[in-house]
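entry_35.txt, holding compact mmCIF, C-alpha atoms and all ligand atoms:
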```
# COMPACT_ATOMS: atom_id res chain seq x y z
CA MET L 1 134.01 101.90 98.87
CA ASP L 2 133.93 103.24 95.32
CA ILE L 3 130.49 104.81 95.07
CA THR L 4 130.70 105.56 91.34
CA ASP L 5 131.62 101.96 90.63
CA LEU L 6 128.80 100.72 92.86
CA ALA L 7 126.30 102.93 91.01
CA THR L 8 127.49 101.61 87.66
CA LYS L 9 127.07 98.02 88.82
CA ILE L 10 123.61 98.69 90.22
CA ILE L 11 122.47 100.17 86.92
CA ALA L 12 123.95 97.10 85.20
CA GLN L 13 121.56 95.05 87.40
CA ASP L 14 124.30 93.43 89.44
CA ARG L 15 122.43 91.81 92.35
CA ARG L 16 125.41 91.59 94.68
CA ALA L 17 126.12 95.28 94.19
CA LEU L 18 122.47 96.01 94.97
CA ALA L 19 122.59 93.91 98.13
CA ARG L 20 125.78 95.68 99.22
CA ALA L 21 124.24 99.06 98.50
CA ILE L 22 121.16 98.24 100.58
CA THR L 23 123.44 97.21 103.44
CA LEU L 24 125.09 100.61 103.07
CA VAL L 25 121.81 102.54 103.25
CA GLU L 26 120.77 100.47 106.28
CA SER L 27 123.90 101.35 108.19
CA GLY L 28 123.68 103.89 110.97
CA ARG L 29 127.37 104.83 110.76
CA ALA L 30 127.95 108.46 109.83
CA ASP L 31 130.47 107.70 107.07
CA HIS L 32 128.09 105.10 105.63
CA ARG L 33 125.23 107.59 105.76
CA ALA L 34 127.26 110.06 103.75
CA GLN L 35 128.20 107.41 101.17
CA ALA L 36 124.61 106.21 100.96
CA ALA L 37 123.36 109.73 100.34
CA GLU L 38 125.98 110.20 97.63
CA LEU L 39 125.03 106.89 96.00
CA VAL L 40 121.29 107.60 95.97
CA ASP L 41 121.91 111.03 94.52
CA LEU L 42 124.23 109.64 91.85
CA LEU L 43 121.61 107.08 90.84
CA ARG L 44 118.98 109.81 90.67
CA GLU L 45 121.19 111.54 88.11
CA ARG L 46 122.15 108.50 86.13
CA SER L 47 119.02 106.38 85.99
CA ASP L 48 115.52 107.27 84.90
CA HIS L 49 114.10 103.76 85.16
CA ARG L 50 110.70 103.76 86.81
CA ALA L 51 109.22 100.82 88.66
CA ILE L 52 105.70 100.50 89.94
CA ARG L 53 106.06 100.75 93.69
CA ILE L 54 103.35 98.75 95.41
CA GLY L 55 102.84 99.09 99.15
CA LEU L 56 101.15 96.15 100.81
CA SER L 57 99.80 96.32 104.32
CA GLY L 58 97.90 93.89 106.48
CA THR L 59 97.81 92.49 110.00
CA PRO L 60 99.83 89.35 110.78
CA GLY L 61 98.16 86.26 109.39
CA VAL L 62 96.13 87.83 106.56
CA GLY L 63 98.44 86.22 104.04
CA LYS L 64 100.95 88.90 103.03
CA SER L 65 103.84 86.47 102.61
CA THR L 66 101.69 83.99 100.73
CA PHE L 67 100.34 86.76 98.52
CA ILE L 68 103.80 88.13 97.73
CA GLU L 69 105.03 84.65 96.85
CA SER L 70 102.10 83.92 94.52
CA PHE L 71 101.88 87.40 93.06
CA GLY L 72 105.64 87.62 92.64
CA MET L 73 105.78 84.22 90.92
CA MET L 74 103.01 85.29 88.57
CA LEU L 75 104.80 88.51 87.63
CA THR L 76 108.21 86.92 87.18
CA GLY L 77 106.70 83.99 85.33
CA GLY L 78 106.44 85.81 82.02
CA LYS L 79 102.72 85.33 81.59
CA MET L 80 101.66 88.80 82.58
CA ALA L 81 101.61 91.69 80.19
CA MET L 82 102.88 94.96 81.43
CA GLN L 83 102.02 98.17 79.72
CA ASP L 84 104.42 101.04 79.45
CA LEU L 85 107.41 99.39 81.04
CA GLN L 86 110.81 98.80 79.57
CA THR L 87 110.61 95.07 80.08
CA SER L 88 109.21 92.74 77.50
CA ALA L 89 106.51 90.77 79.26
CA LYS L 90 107.38 87.38 77.85
CA ASP L 91 110.68 87.40 79.72
CA GLY L 92 108.88 87.92 83.01
CA LEU L 93 108.95 91.00 85.15
CA ARG L 94 111.70 91.71 87.63
CA VAL L 95 110.29 92.01 91.12
CA ALA L 96 111.93 93.34 94.27
CA VAL L 97 110.43 92.79 97.71
CA LEU L 98 111.26 95.01 100.67
CA ALA L 99 109.75 95.32 104.11
CA VAL L 100 109.02 98.01 106.65
CA ASP L 101 108.79 96.34 109.99
CA PRO L 102 108.83 98.67 112.98
CA SER L 103 108.20 95.75 115.30
CA SER L 104 111.28 93.78 114.29
CA ALA L 105 113.45 95.59 116.81
CA ARG L 106 111.30 94.25 119.61
CA SER L 107 110.43 90.82 118.26
CA GLY L 108 113.98 90.17 117.10
CA GLY L 109 112.69 88.77 113.84
CA SER L 110 111.63 90.38 110.63
CA ILE L 111 108.51 89.93 108.55
CA LEU L 112 110.36 88.77 105.52
CA GLY L 113 112.66 86.71 107.67
CA ASP L 114 110.27 83.79 107.32
CA LYS L 115 111.80 83.07 103.94
CA THR L 116 110.46 79.53 104.04
CA ARG L 117 107.11 81.10 103.20
CA MET L 118 108.58 82.47 100.03
CA ASP L 119 110.85 79.67 99.06
CA ARG L 120 109.78 79.66 95.42
CA LEU L 121 110.16 83.40 94.98
CA SER L 122 113.46 83.54 96.83
CA ARG L 123 114.90 81.06 94.31
CA GLU L 124 113.52 82.97 91.34
CA PRO L 125 116.34 84.80 89.50
CA ARG L 126 114.07 87.68 88.50
CA ALA L 127 113.09 88.30 92.12
CA PHE L 128 115.07 90.05 94.82
CA ILE L 129 113.89 89.68 98.40
CA ARG L 130 115.28 91.81 101.16
CA PRO L 131 114.15 91.31 104.76
CA SER L 132 113.72 94.42 106.85
CA PRO L 133 116.65 95.49 108.99
CA SER L 134 115.95 94.64 112.60
CA GLN L 135 116.60 97.95 114.23
CA SER L 136 115.55 101.32 115.43
CA HIS L 137 112.77 103.81 115.12
CA LEU L 138 110.32 104.40 112.32
CA GLY L 139 112.01 107.55 111.05
CA GLY L 140 115.23 105.70 110.35
CA VAL L 141 113.36 102.73 108.88
CA ALA L 142 111.46 105.08 106.58
CA ARG L 143 114.59 106.64 105.15
CA ARG L 144 116.34 103.33 104.70
CA THR L 145 113.33 101.84 102.95
CA ARG L 146 112.95 104.88 100.73
CA GLU L 147 116.58 104.65 99.73
CA ALA L 148 116.35 100.89 99.21
CA VAL L 149 113.36 101.44 96.91
CA ALA L 150 115.39 103.98 94.92
CA LEU L 151 118.24 101.47 94.62
CA CYS L 152 115.91 98.70 93.40
CA GLU L 153 114.37 101.07 90.91
CA ALA L 154 117.76 102.07 89.54
CA ALA L 155 118.64 98.37 89.36
CA GLY L 156 115.89 97.98 86.78
CA PHE L 157 113.19 96.20 88.75
CA ASP L 158 109.77 96.60 87.17
CA VAL L 159 107.81 96.15 90.37
CA VAL L 160 108.92 96.97 93.89
CA LEU L 161 106.69 95.45 96.57
CA ILE L 162 106.96 97.02 100.01
CA GLU L 163 105.39 94.97 102.74
CA THR L 164 104.38 96.19 106.15
CA VAL L 165 102.50 94.86 109.15
CA GLY L 166 99.48 96.87 110.03
CA VAL L 167 100.72 98.50 113.18
CA GLY L 168 100.66 102.18 113.99
CA GLN L 169 102.46 104.54 111.69
CA SER L 170 104.08 102.04 109.35
CA GLU L 171 101.18 102.15 106.87
CA THR L 172 101.64 105.87 106.45
CA VAL L 173 105.34 105.37 105.79
CA VAL L 174 104.63 102.72 103.17
CA ALA L 175 101.80 104.71 101.58
CA GLU L 176 104.13 107.70 101.27
CA ILE L 177 106.72 105.56 99.50
CA SER L 178 104.32 103.75 97.15
CA ASP L 179 102.59 104.52 93.89
CA LEU L 180 99.85 102.10 94.86
CA PHE L 181 98.86 101.32 98.41
CA ILE L 182 97.09 98.03 98.91
CA LEU L 183 95.36 96.79 102.00
CA LEU L 184 95.17 93.05 102.43
CA LEU L 185 92.36 91.76 104.64
CA ALA L 186 91.11 88.38 105.75
CA PRO L 187 87.43 87.40 105.67
CA ALA L 188 85.61 88.75 108.72
CA GLY L 189 83.33 86.60 110.82
CA GLY L 190 80.50 89.03 111.36
CA ASP L 191 79.52 92.13 109.47
CA GLU L 192 81.94 94.37 111.36
CA LEU L 193 84.59 96.20 109.41
CA GLN L 194 87.48 94.50 111.25
CA GLY L 195 88.42 97.70 112.99
CA VAL L 196 90.35 99.03 110.02
CA LYS L 197 90.98 102.64 110.87
CA ARG L 198 89.37 105.21 108.65
CA GLY L 199 92.73 106.86 108.00
CA ILE L 200 94.12 103.59 106.62
CA MET L 201 91.05 103.06 104.45
CA GLU L 202 91.50 106.55 103.04
CA MET L 203 95.03 105.73 101.96
CA ALA L 204 94.08 102.51 100.17
CA ASP L 205 93.99 102.35 96.38
CA MET L 206 92.76 98.78 96.50
CA ILE L 207 91.52 96.44 99.19
CA LEU L 208 92.16 92.77 98.59
CA VAL L 209 90.15 90.38 100.71
CA ASN L 210 92.35 87.30 100.77
CA LYS L 211 91.50 83.66 101.51
CA ALA L 212 88.48 83.69 99.21
CA ASP L 213 88.61 79.92 98.90
CA GLY L 214 86.98 76.83 100.42
CA ASP L 215 84.95 77.44 103.56
CA LEU L 216 86.08 81.05 103.73
CA LYS L 217 84.89 82.05 100.28
CA ALA L 218 81.38 83.19 101.26
CA ALA L 219 82.69 85.21 104.20
CA ALA L 220 85.34 86.76 101.95
CA MET L 221 82.71 87.88 99.48
CA ARG L 222 80.61 89.41 102.25
CA THR L 223 83.63 91.20 103.66
CA CYS L 224 84.49 92.43 100.19
CA SER L 225 81.04 93.89 99.60
CA ASP L 226 81.09 95.53 103.06
CA TYR L 227 84.34 97.22 102.14
CA SER L 228 83.17 98.17 98.68
CA GLY L 229 80.32 99.99 100.38
CA ALA L 230 82.62 101.62 102.90
CA LEU L 231 85.00 102.78 100.14
CA ARG L 232 82.13 104.39 98.24
CA LEU L 233 81.35 106.48 101.31
CA LEU L 234 84.82 107.99 101.42
CA ARG L 235 85.57 111.38 99.97
CA LYS L 236 86.37 111.21 96.26
CA ARG L 237 90.08 111.70 95.54
CA ALA L 238 91.33 113.45 92.40
CA GLN L 239 93.80 110.63 91.76
CA ASP L 240 91.09 107.99 91.34
CA PRO L 241 89.29 107.13 88.13
CA GLU L 242 85.75 105.81 88.15
CA GLY L 243 85.51 102.59 90.17
CA PHE L 244 88.55 103.24 92.40
CA PRO L 245 89.48 102.70 95.12
CA LYS L 246 88.05 99.23 94.85
CA ALA L 247 87.74 96.08 96.92
CA MET L 248 88.10 92.61 95.44
CA THR L 249 88.53 89.05 96.62
CA VAL L 250 91.63 86.95 95.99
CA SER L 251 93.09 83.67 97.12
CA ALA L 252 96.84 83.89 97.48
CA LEU L 253 96.94 80.19 98.31
CA GLN L 254 95.05 79.09 95.20
CA GLU L 255 96.48 81.92 93.09
CA ASP L 256 93.00 83.06 92.28
CA GLY L 257 92.13 86.63 91.33
CA LEU L 258 95.77 87.70 91.21
CA ALA L 259 95.84 88.37 87.48
CA GLY L 260 92.70 90.49 87.79
CA ALA L 261 94.21 92.43 90.68
CA TRP L 262 97.34 93.06 88.61
CA GLU L 263 95.28 94.25 85.65
CA ASP L 264 93.48 96.71 87.91
CA MET L 265 96.75 97.91 89.40
CA GLN L 266 98.04 98.56 85.93
CA SER L 267 94.98 100.27 84.55
CA LEU L 268 94.90 102.52 87.61
CA THR L 269 98.58 103.29 87.13
CA GLU L 270 98.16 103.97 83.43
CA TRP L 271 95.27 106.32 84.06
CA ARG L 272 97.20 108.18 86.73
CA LYS L 273 100.21 108.51 84.44
CA ALA L 274 98.06 109.87 81.63
CA GLN L 275 96.38 112.36 83.96
CA GLY L 276 99.62 113.49 85.57
CA HIS L 277 98.65 112.10 88.98
CA PHE L 278 101.45 109.55 89.02
CA ASP L 279 104.22 112.14 88.79
CA ALA L 280 102.30 114.53 91.02
CA ARG L 281 102.11 111.88 93.74
CA ARG L 282 105.82 111.18 93.57
CA ALA L 283 106.53 114.90 93.69
CA ALA L 284 104.28 115.34 96.73
CA GLN L 285 105.98 112.36 98.39
CA ALA L 286 109.42 113.83 97.79
CA GLU L 287 108.26 117.04 99.43
CA TYR L 288 106.69 115.12 102.30
CA TRP L 289 109.95 113.30 103.04
CA PHE L 290 111.97 116.48 102.78
CA ASP L 291 109.65 118.04 105.34
CA GLN L 292 109.83 114.97 107.59
CA GLU L 293 113.61 114.91 107.49
CA VAL L 294 113.88 118.57 108.43
CA ARG L 295 111.51 118.03 111.34
CA GLN L 296 113.38 114.95 112.50
CA GLY L 297 116.65 116.84 112.19
CA LEU L 298 115.31 119.60 114.40
CA LEU L 299 114.09 117.13 117.00
CA ALA L 300 117.44 115.37 116.92
CA ALA L 301 119.21 118.69 117.43
CA LEU L 302 117.25 119.14 120.67
CA GLU L 303 118.70 115.87 121.93
CA ARG L 304 122.25 117.00 121.19
CA GLU L 305 124.58 119.57 122.71
CA PRO L 306 124.52 122.49 122.90
CA LEU L 307 120.72 122.56 122.76
CA LYS L 308 120.27 119.62 125.10
CA GLY L 309 122.11 121.46 127.89
CA THR L 310 120.26 124.67 127.17
CA MET L 311 116.97 122.83 127.37
CA SER L 312 117.66 121.40 130.80
CA LEU L 313 119.09 124.67 132.14
CA ILE L 314 116.18 126.78 130.97
CA GLY L 315 113.78 123.96 131.86
CA ALA L 316 114.98 124.17 135.47
CA ARG L 317 114.38 127.93 135.50
CA VAL L 318 110.86 127.36 134.15
CA ALA L 319 110.23 124.83 136.93
CA LYS L 320 111.33 127.36 139.56
CA GLY L 321 108.99 129.95 138.15
CA GLU L 322 111.81 132.26 137.11
CA ILE L 323 110.65 132.47 133.52
CA THR L 324 107.40 131.62 131.76
CA PRO L 325 107.27 128.54 129.50
CA SER L 326 106.60 130.72 126.44
CA LEU L 327 109.52 133.08 126.97
CA ALA L 328 111.79 130.14 127.79
CA ALA L 329 110.79 128.41 124.57
CA LYS L 330 111.48 131.60 122.65
CA GLU L 331 115.00 131.69 124.09
CA VAL L 332 115.71 128.14 122.99
CA LEU L 333 114.32 128.76 119.51
CA ALA L 334 116.44 131.88 119.21
CA GLN L 335 119.51 129.71 119.87
CA LEU L 336 118.35 127.34 117.18
CA HIS L 337 118.25 130.22 114.70
CA LYS L 338 121.84 131.09 115.53
CA ALA L 339 122.98 127.48 115.19
N1 LIG L 401 92.78 79.53 102.90
C1 LIG L 401 93.75 80.40 102.66
N2 LIG L 401 94.76 80.54 103.54
C2 LIG L 401 95.74 81.41 103.27
C3 LIG L 401 95.73 82.20 102.10
N3 LIG L 401 96.82 83.00 102.10
C4 LIG L 401 97.48 82.72 103.26
N4 LIG L 401 96.84 81.76 103.95
C5 LIG L 401 97.26 81.14 105.22
O1 LIG L 401 97.22 82.12 106.25
C6 LIG L 401 98.31 81.93 107.15
C7 LIG L 401 99.13 83.20 107.25
O2 LIG L 401 99.73 83.48 105.98
P1 LIG L 401 101.00 84.41 105.83
O3 LIG L 401 101.24 84.56 104.38
O4 LIG L 401 102.13 83.91 106.66
O5 LIG L 401 100.45 85.77 106.47
P2 LIG L 401 101.25 87.12 106.85
O6 LIG L 401 101.48 87.06 108.32
O7 LIG L 401 100.31 88.22 106.50
O8 LIG L 401 102.51 87.16 106.07
C8 LIG L 401 99.12 80.75 106.61
O9 LIG L 401 98.74 79.59 107.29
C9 LIG L 401 98.70 80.69 105.16
O10 LIG L 401 98.79 79.39 104.62
C10 LIG L 401 94.65 82.02 101.16
O11 LIG L 401 94.55 82.64 100.11
N5 LIG L 401 93.70 81.11 101.51
MG MG L 402 104.53 87.22 106.61
```

Before anything else, please render the file you have as structure tokens.
Amino acid sequence: MDITDLATKIIAQDRRALARAITLVESGRADHRAQAAELVDLLRERSDHRAIRIGLSGTPGVGKSTFIESFGMMLTGGKMAMQDLQTSAKDGLRVAVLAVDPSSARSGGSILGDKTRMDRLSREPRAFIRPSPSQSHLGGVARRTREAVALCEAAGFDVVLIETVGVGQSETVVAEISDLFILLLAPAGGDELQGVKRGIMEMADMILVNKADGDLKAAAMRTCSDYSGALRLLRKRAQDPEGFPKAMTVSALQEDGLAGAWEDMQSLTEWRKAQGHFDARRAAQAEYWFDQEVRQGLLAALEREPLKGTMSLIGARVAKGEITPSLAAKEVLAQLHKA
């Protein structure tokens, strides 16, 4: 595969080239990994297009697919203004949709696989929808998604939506890839805070309480005010202007509140850009992923020869009481230094 040619086509907004490139970054084959790394690096050099990366998290059933369809149609529809981006708003924004789905390996499906739910958006020429690859562990998924985001950005998309199901670590992955992290919730029955973990709340830039329509509207408004209160109790973050993070109600089904949510996303983004927080966040994320990859590399080295053999040999000596755990660990780490 000619990587330079592929990069040129991606920058020229060739969708088939983009799709091929994403397949490349999703591949686990060593030669593909090397090509993918080369491609992403080449695009870093050759393209300075910036998208707004929006992470969207929520448990199954809250309406993520419905929201992405409605929100995506609104953005691509040419009605929404967009400040500070290279696209003229009247033509409609170009929107890419990606997914991080750590459960897909087990369930055999993928969260964007239910394309029927996004049949309008998937036919929209300004939209690009990519289901999550159905494989492997979160570390691999994180890198592939990160690289896929970089490819979409280089391909000139204005908005990259990254969807995830609210399970375990996937929110952290998505939050560390996104400029804006958005939590989608459904109206709660009682006054309980739906068991949203504090750590997830702390990552959120906006909480959207969906399904604020019909019989659910009153409950949605109550849930929204509960979360507004809860957000105010969190520690103030430097990257938030007055009024953020905020909770608001929307109806993805009735396409209600979406324009307001988009306005807020933009004004937050504009403020962060002006204050330097936008670039600072991306810089911190780059460092975070560097750190993660080194750690994962070290862990992977322990599972490979020669360290794997060393581990079991010295482990057996530890078990027999021939050497203390600390000294044994020191020996292994010394080998790592030499490697
Ligand atoms: N009343 C109402 N139902 C909605 C809304 N958004 C989604 N739903 C419904 O909630 C269910 C789950 O939606 P879906 O988008 O598949 O959720 P996901 O699992 O988070 O992707 C579907 O039956 C949707 O029609 C909304 O704004 N209002
Ligand atoms: Mg869905």

field: Within 7 Å of ligand LIG 401 (chain L), counting all atoms listed in the file, residues as a PyMOL selection string
entry: chain L and resi 58-67+117+210-214+216+250-254

Of the listed residues L:Ile182, L:Leu302, L:Ser27, L:Glu293, that which approaches Pro245 of chain L most closely, counting only C-alpha atoms: L:Ile182

message: Counting only C-alpha atoms, which residues have an atom no more than 12 Å from (92.7, 98.4, 85.6) in the file's coordinates? Please list them as a VMD selection string.
response: chain L and resid 82 to 83 205 to 206 240 to 246 259 to 272

Export of prior selection with C-alpha atoms as a tab-separated table (two decimals), in the frame of the given file:
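That gives us part38.tsv:
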```tsv
chain	number	residue	atom	x	y	z
L	82	MET	CA	102.88	94.96	81.43
L	83	GLN	CA	102.02	98.17	79.72
L	205	ASP	CA	93.99	102.35	96.38
L	206	MET	CA	92.76	98.78	96.50
L	240	ASP	CA	91.09	107.99	91.34
L	241	PRO	CA	89.29	107.13	88.13
L	242	GLU	CA	85.75	105.81	88.15
L	243	GLY	CA	85.51	102.59	90.17
L	244	PHE	CA	88.55	103.24	92.40
L	245	PRO	CA	89.48	102.70	95.12
L	246	LYS	CA	88.05	99.23	94.85
L	259	ALA	CA	95.84	88.37	87.48
L	260	GLY	CA	92.70	90.49	87.79
L	261	ALA	CA	94.21	92.43	90.68
L	262	TRP	CA	97.34	93.06	88.61
L	263	GLU	CA	95.28	94.25	85.65
L	264	ASP	CA	93.48	96.71	87.91
L	265	MET	CA	96.75	97.91	89.40
L	266	GLN	CA	98.04	98.56	85.93
L	267	SER	CA	94.98	100.27	84.55
L	268	LEU	CA	94.90	102.52	87.61
L	269	THR	CA	98.58	103.29	87.13
L	270	GLU	CA	98.16	103.97	83.43
L	271	TRP	CA	95.27	106.32	84.06
L	272	ARG	CA	97.20	108.18	86.73
```

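We find atom CA of Arg232 of chain L and atom CA of Phe181 of chain L to be spaced 17.0 Å apart.
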
- prompt: atom CA of Arg50 of chain L and atom CA of Asp14 of chain L are how many Å apart?
  reply: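 About the pair atom CA of Arg50 of chain L and atom CA of Asp14 of chain L: they are 17.3 Å apart.
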
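In this comparison, which uses only C-alpha atoms and all ligand atoms, the residue of L:Ile177, L:Val100, L:Ala34, L:Ala155 approaching ligand MG 402 (chain L) most closely is L:Val100.
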
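Proximity of L:Gly92, L:Pro131, L:Gly229, L:Gly77 to ligand MG 402 (chain L), computed with only C-alpha atoms and all ligand atoms, is greatest for L:Pro131.
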
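As for atom CA of Arg143 of chain L and atom CA of Ser57 of chain L, they are spaced 18.1 Å apart.
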
Would you compute the box with edges along x, y and z of the file around segment 145-164 of chain L, including every atom the file lists for it and 5 Å extra on each side, and give its centre and edge lengths in Å to one decimal, as AutoDock Vina command-line options?
```
--center_x 111.5 --center_y 99.9 --center_z 96.5 --size_x 24.3 --size_y 19.9 --size_z 29.4
```

List as a tab-separated table (two decimals) with C-alpha atoms, in the frame of the given file the protein and nucleic acid residues near segment 328-335 of chain L, meaning an atom at most 10 Å away when all atoms listed in the file are counted, but skip any in the same chain fewer than 2 places from it.
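Writing the result to out_0.tsv gives the following:
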```tsv
chain	number	residue	atom	x	y	z
L	302	LEU	CA	117.25	119.14	120.67
L	306	PRO	CA	124.52	122.49	122.90
L	307	LEU	CA	120.72	122.56	122.76
L	308	LYS	CA	120.27	119.62	125.10
L	310	THR	CA	120.26	124.67	127.17
L	311	MET	CA	116.97	122.83	127.37
L	314	ILE	CA	116.18	126.78	130.97
L	315	GLY	CA	113.78	123.96	131.86
L	317	ARG	CA	114.38	127.93	135.50
L	318	VAL	CA	110.86	127.36	134.15
L	322	GLU	CA	111.81	132.26	137.11
L	323	ILE	CA	110.65	132.47	133.52
L	324	THR	CA	107.40	131.62	131.76
L	325	PRO	CA	107.27	128.54	129.50
L	326	SER	CA	106.60	130.72	126.44
L	337	HIS	CA	118.25	130.22	114.70
L	338	LYS	CA	121.84	131.09	115.53
L	339	ALA	CA	122.98	127.48	115.19
```

- request: Measuring atom to atom with only C-alpha atoms and all ligand atoms, identify which of L:Ser132, L:Thr4, L:Gln239, L:Gln296 is nearest to ligand MG 402 (chain L).
  value: L:Ser132

- prompt: With all atoms listed in the file as the atoms that count, which of L:Asp179, L:Glu305, L:Asp215, L:Asp91 lies nearest to Arg53 of chain L?
  reply: L:Asp179

Do a neighbour search on Thr172 of chain L at 10 Å with all atoms listed in the file, toss out local chain neighbours closer than 6 positions, and write the hits as a JSON list (two decimals) with C-alpha atoms, keeping the file's coordinate frame.
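That gives us part_25.json:
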```json
[["chain", "number", "residue", "atom", "x", "y", "z"],
["L", 57, "SER", "CA", 99.80, 96.32, 104.32],
["L", 142, "ALA", "CA", 111.46, 105.08, 106.58],
["L", 166, "GLY", "CA", 99.48, 96.87, 110.03],
["L", 178, "SER", "CA", 104.32, 103.75, 97.15],
["L", 181, "PHE", "CA", 98.86, 101.32, 98.41],
["L", 199, "GLY", "CA", 92.73, 106.86, 108.00],
["L", 200, "ILE", "CA", 94.12, 103.59, 106.62],
["L", 203, "MET", "CA", 95.03, 105.73, 101.96]]
```

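Between ligand MG 402 (chain L) and the residues L:Arg44, L:Lys273, L:Glu69, L:Leu336, the shortest atom-to-atom distance, using only C-alpha atoms and all ligand atoms, involves L:Glu69.
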
query: What's the 8 Å shell around Arg130 of chain L, counting all atoms listed in the file, without same-chain residues fewer than 4 positions away, as a ChimeraX atom specification?
result: /L:96-99,112

message: Which residues are close to Met221 of chain L, i.e. within 8 Å by only C-alpha atoms, leaving aside same-chain residues fewer than 6 positions away? Reply as a PyMOL selection string.
response: chain L and resi 187+209+212+249

Any chance you can output those residues with C-alpha atoms as a PDB file, in the coordinates of the input?
```
ATOM      1  CA  PRO L 187      87.430  87.400 105.670  1.00  0.00           C
ATOM      2  CA  VAL L 209      90.150  90.380 100.710  1.00  0.00           C
ATOM      3  CA  ALA L 212      88.480  83.690  99.210  1.00  0.00           C
ATOM      4  CA  THR L 249      88.530  89.050  96.620  1.00  0.00           C
TER       5      THR L 249
END
```
